[in-house]
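Undergrad: One structure, as structure tokens, below. Some questions next.
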Amino acid sequence: NLRGLEAGAGSQVTRANDIYHPAQDASLTWRDMDWLRNNTRLPVIAKGILTPGDAVNALQAGLQGITVSNHGARSLDTVPATAEVLEGIADRLEGRLPILVDGGIRRGTDVLKALALGASAVLIGRPYVFALAAAGAAGLERVIEILTMELRMAMALAGRPTLASIDRSLIWKGPPYR
């Protein structure tokens with residue numbers, strides 16, 4: 001039922017019981033990043049980048065990095081997986097901005113693929129939360145140990161002795177073997 005919705009500037013929903021929150025203000029623009037950068041000494045990193053164009057916008061806005069993310073489990077239906085867009089974003093940025101990737105990192109091979117597609121680093125939201133819930137700090141420490149071991153194993157099996165040796169040649173895009 002759309003009756004009773006009062007959209008103000010930038011389509012900001014004003015009714016208290018709506019599913020929208022003022023933080024989801026559609027009137028925000030890349031120029032608002034100037035205000036944010038000028039009001040903190042912390043690095044400003046944009047999360048939710050899914051297109052090469054937005055990655056360039058973040059670079060031009062003077063941000064210190066981006067996070068390629070579909071906002072967790074694709075909360076907007078039909079949004080692509082981070083692995084589908086990461087390579088194009090990395091190609092467009094050409095190393096001019098650190099690229100974090102958030103989404104789908106569950107194993108060491110996921111880390112390897114993300115790095116091969118152009119990520120500077122990965123974020124491990126769900127494994128982190130599940131480990132903390134199950135076993136506290138010790139659980140988190142163990143998850144990081146497992147991911148590190150799996151990444152090292154994947155690197156060894158792929159013939160990549162260092163992080164710097166991980167490149168796009170690890171990503172196979174051809175037709176099925178015959």
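Residue numbering restarts at 1 in every chain; chains get A, B, ... in the order shown in the structure tokens, and ligands count up from 1 in that same order.
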Check region 12-164 of chain A with DSSP on the backbone and list each residue it calls strand (DSSP E or B), as a ChimeraX atom specification.
TA: /A:13,45-49,65-69,99-102,121-123
Undergrad: Atoms to include: N, CA and C atoms. Write the selected residues as an mmCIF file, in the first residue's frame.
TA:
```
data_model
loop_
_atom_site.group_PDB
_atom_site.id
_atom_site.type_symbol
_atom_site.label_atom_id
_atom_site.label_comp_id
_atom_site.auth_asym_id
_atom_site.auth_seq_id
_atom_site.Cartn_x
_atom_site.Cartn_y
_atom_site.Cartn_z
ATOM 1 N N VAL A 13 11.890 8.732 2.608
ATOM 2 C CA VAL A 13 10.601 8.386 3.187
ATOM 3 C C VAL A 13 10.550 8.929 4.607
ATOM 4 N N ILE A 45 36.216 4.744 2.596
ATOM 5 C CA ILE A 45 36.114 3.655 1.626
ATOM 6 C C ILE A 45 34.640 3.462 1.304
ATOM 7 N N ALA A 46 34.304 3.474 0.025
ATOM 8 C CA ALA A 46 32.914 3.293 -0.390
ATOM 9 C C ALA A 46 32.602 1.809 -0.518
ATOM 10 N N LYS A 47 31.523 1.373 0.122
ATOM 11 C CA LYS A 47 31.076 -0.013 0.027
ATOM 12 C C LYS A 47 29.852 -0.076 -0.871
ATOM 13 N N GLY A 48 29.739 -1.161 -1.617
ATOM 14 C CA GLY A 48 28.581 -1.345 -2.486
ATOM 15 C C GLY A 48 28.890 -1.028 -3.931
ATOM 16 N N ILE A 49 30.153 -0.954 -4.277
ATOM 17 C CA ILE A 49 30.545 -0.662 -5.650
ATOM 18 C C ILE A 49 30.330 -1.920 -6.490
ATOM 19 N N GLY A 65 39.698 4.009 -0.980
ATOM 20 C CA GLY A 65 39.504 2.637 -1.419
ATOM 21 C C GLY A 65 38.038 2.377 -1.692
ATOM 22 N N ILE A 66 37.770 1.187 -2.219
ATOM 23 C CA ILE A 66 36.388 0.770 -2.461
ATOM 24 C C ILE A 66 36.201 -0.651 -1.954
ATOM 25 N N THR A 67 34.960 -0.980 -1.694
ATOM 26 C CA THR A 67 34.594 -2.357 -1.390
ATOM 27 C C THR A 67 33.570 -2.795 -2.422
ATOM 28 N N VAL A 68 33.971 -3.765 -3.240
ATOM 29 C CA VAL A 68 33.045 -4.362 -4.188
ATOM 30 C C VAL A 68 32.135 -5.255 -3.357
ATOM 31 N N SER A 69 30.860 -4.909 -3.326
ATOM 32 C CA SER A 69 29.916 -5.601 -2.455
ATOM 33 C C SER A 69 28.510 -5.493 -3.011
ATOM 34 N N ILE A 99 41.175 -2.227 -3.735
ATOM 35 C CA ILE A 99 39.866 -2.846 -3.936
ATOM 36 C C ILE A 99 39.688 -3.966 -2.920
ATOM 37 N N LEU A 100 38.745 -3.776 -2.009
ATOM 38 C CA LEU A 100 38.344 -4.841 -1.099
ATOM 39 C C LEU A 100 37.153 -5.547 -1.736
ATOM 40 N N VAL A 101 36.973 -6.804 -1.436
ATOM 41 C CA VAL A 101 35.794 -7.512 -1.943
ATOM 42 C C VAL A 101 35.084 -8.159 -0.764
ATOM 43 N N ASP A 102 33.775 -8.017 -0.765
ATOM 44 C CA ASP A 102 32.925 -8.502 0.315
ATOM 45 C C ASP A 102 31.823 -9.341 -0.318
ATOM 46 N N ALA A 121 42.375 -7.114 -1.236
ATOM 47 C CA ALA A 121 42.130 -7.844 0.007
ATOM 48 C C ALA A 121 40.681 -8.319 -0.002
ATOM 49 N N VAL A 122 40.371 -9.259 0.882
ATOM 50 C CA VAL A 122 39.010 -9.766 0.994
ATOM 51 C C VAL A 122 38.487 -9.517 2.410
ATOM 52 N N LEU A 123 37.177 -9.448 2.525
ATOM 53 C CA LEU A 123 36.505 -9.333 3.816
ATOM 54 C C LEU A 123 35.765 -10.640 4.068
#
```
Undergrad: Could you name the residues that touch Leu157 (chain A) at 12 Å or less, counting only C-alpha atoms, but leaving out those on the same chain fewer than 6 positions away, as a VMD selection string?
TA: chain A and resid 108 to 109 112 150 to 151 170
Undergrad: Report, in Å to a single decimal, how far apart CA of Pro161 (chain A) and CA of Pro175 (chain A) are.
TA: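 CA of Pro175 (chain A) sits 27.7 Å away from CA of Pro161 (chain A).
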Undergrad: CA of Ala135 (chain A) to CA of Ala154 (chain A): how many Å, to one decimal?
TA: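 According to the coordinates, CA of Ala135 (chain A) and CA of Ala154 (chain A) are separated by 26.3 Å.
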Undergrad: Can you check which residues of region 101-140 of chain A DSSP gives as helix (DSSP H, G or I) on the backbone and send them as a PyMOL selection string?
TA: chain A and resi 108-116+125-140
Undergrad: Find the spatial neighbours of Arg31 (chain A), counting only C-alpha atoms, within a cut-off of 12 Å - ignore same-chain residues fewer than 2 positions away - and output them as a PyMOL selection string.
TA: chain A and resi 27-29+33-38+57-58+60-63
Undergrad: Which residues, written as a ChimeraX atom specification, have at least one atom at most 12 Å from Trp172 (chain A), with only C-alpha atoms counted and residues fewer than 6 positions away on the same chain left out?
TA: /A:113,116-117
Undergrad: Convert the current residue selection to file output with N, CA, C and O atoms, as an mmCIF file, in the first residue's frame.
TA:
```cif
data_model
loop_
_atom_site.group_PDB
_atom_site.id
_atom_site.type_symbol
_atom_site.label_atom_id
_atom_site.label_comp_id
_atom_site.auth_asym_id
_atom_site.auth_seq_id
_atom_site.Cartn_x
_atom_site.Cartn_y
_atom_site.Cartn_z
ATOM 1 N N LYS A 113 40.810 -16.732 -5.879
ATOM 2 C CA LYS A 113 40.084 -16.229 -7.052
ATOM 3 C C LYS A 113 39.858 -14.722 -6.965
ATOM 4 O O LYS A 113 40.005 -14.013 -7.960
ATOM 5 N N ALA A 116 43.053 -13.055 -7.768
ATOM 6 C CA ALA A 116 43.339 -13.209 -9.195
ATOM 7 C C ALA A 116 42.476 -12.273 -10.045
ATOM 8 O O ALA A 116 42.920 -11.793 -11.093
ATOM 9 N N LEU A 117 41.267 -11.982 -9.602
ATOM 10 C CA LEU A 117 40.368 -11.086 -10.344
ATOM 11 C C LEU A 117 40.652 -9.612 -10.094
ATOM 12 O O LEU A 117 40.041 -8.755 -10.717
#
```
Undergrad: Please determine, counting only C-alpha atoms, which residue among A:Val143, A:Ala26, A:Ala137, A:Ala90 has the shortest atom-to-atom distance to Arg106 (chain A).
TA: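 Distance minimum relative to Arg106 (chain A) lands on A:Val143.
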Undergrad: Please determine, counting only C-alpha atoms, which residue among A:Leu115, A:Leu42, A:Leu93, A:Leu86 has the shortest atom-to-atom distance to Ile166 (chain A).
TA: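 Answer, going by the shortest atom-to-atom distance: A:Leu115.
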Undergrad: Mind pulling up the distance from CA of Ala164 (chain A) to CA of Leu97 (chain A)?
TA: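 Separation of CA of Leu97 (chain A) and CA of Ala164 (chain A): 16.6 Å.
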Undergrad: Fewer than 2 positions away in the same chain doesn't count, so skip those; otherwise give me all residues within 10 Å of Arg126 (chain A), counting only C-alpha atoms, as a list in words.
TA: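 Residues meeting the cut-off are Gly72, Asp102, Gly103, Gly104, Ile105, Arg106, Leu123, Ile124, Tyr128, Val129, Phe130, Ala131 and Leu132 of chain A.
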Undergrad: Would you please work out which residue, of A:Leu59, A:Ile146, A:Leu50, A:Ala114, is nearest to Val85 (chain A) when using only C-alpha atoms?
TA: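 Between A:Leu59, A:Ile146, A:Leu50, A:Ala114, the residue approaching Val85 (chain A) most closely is A:Leu50.
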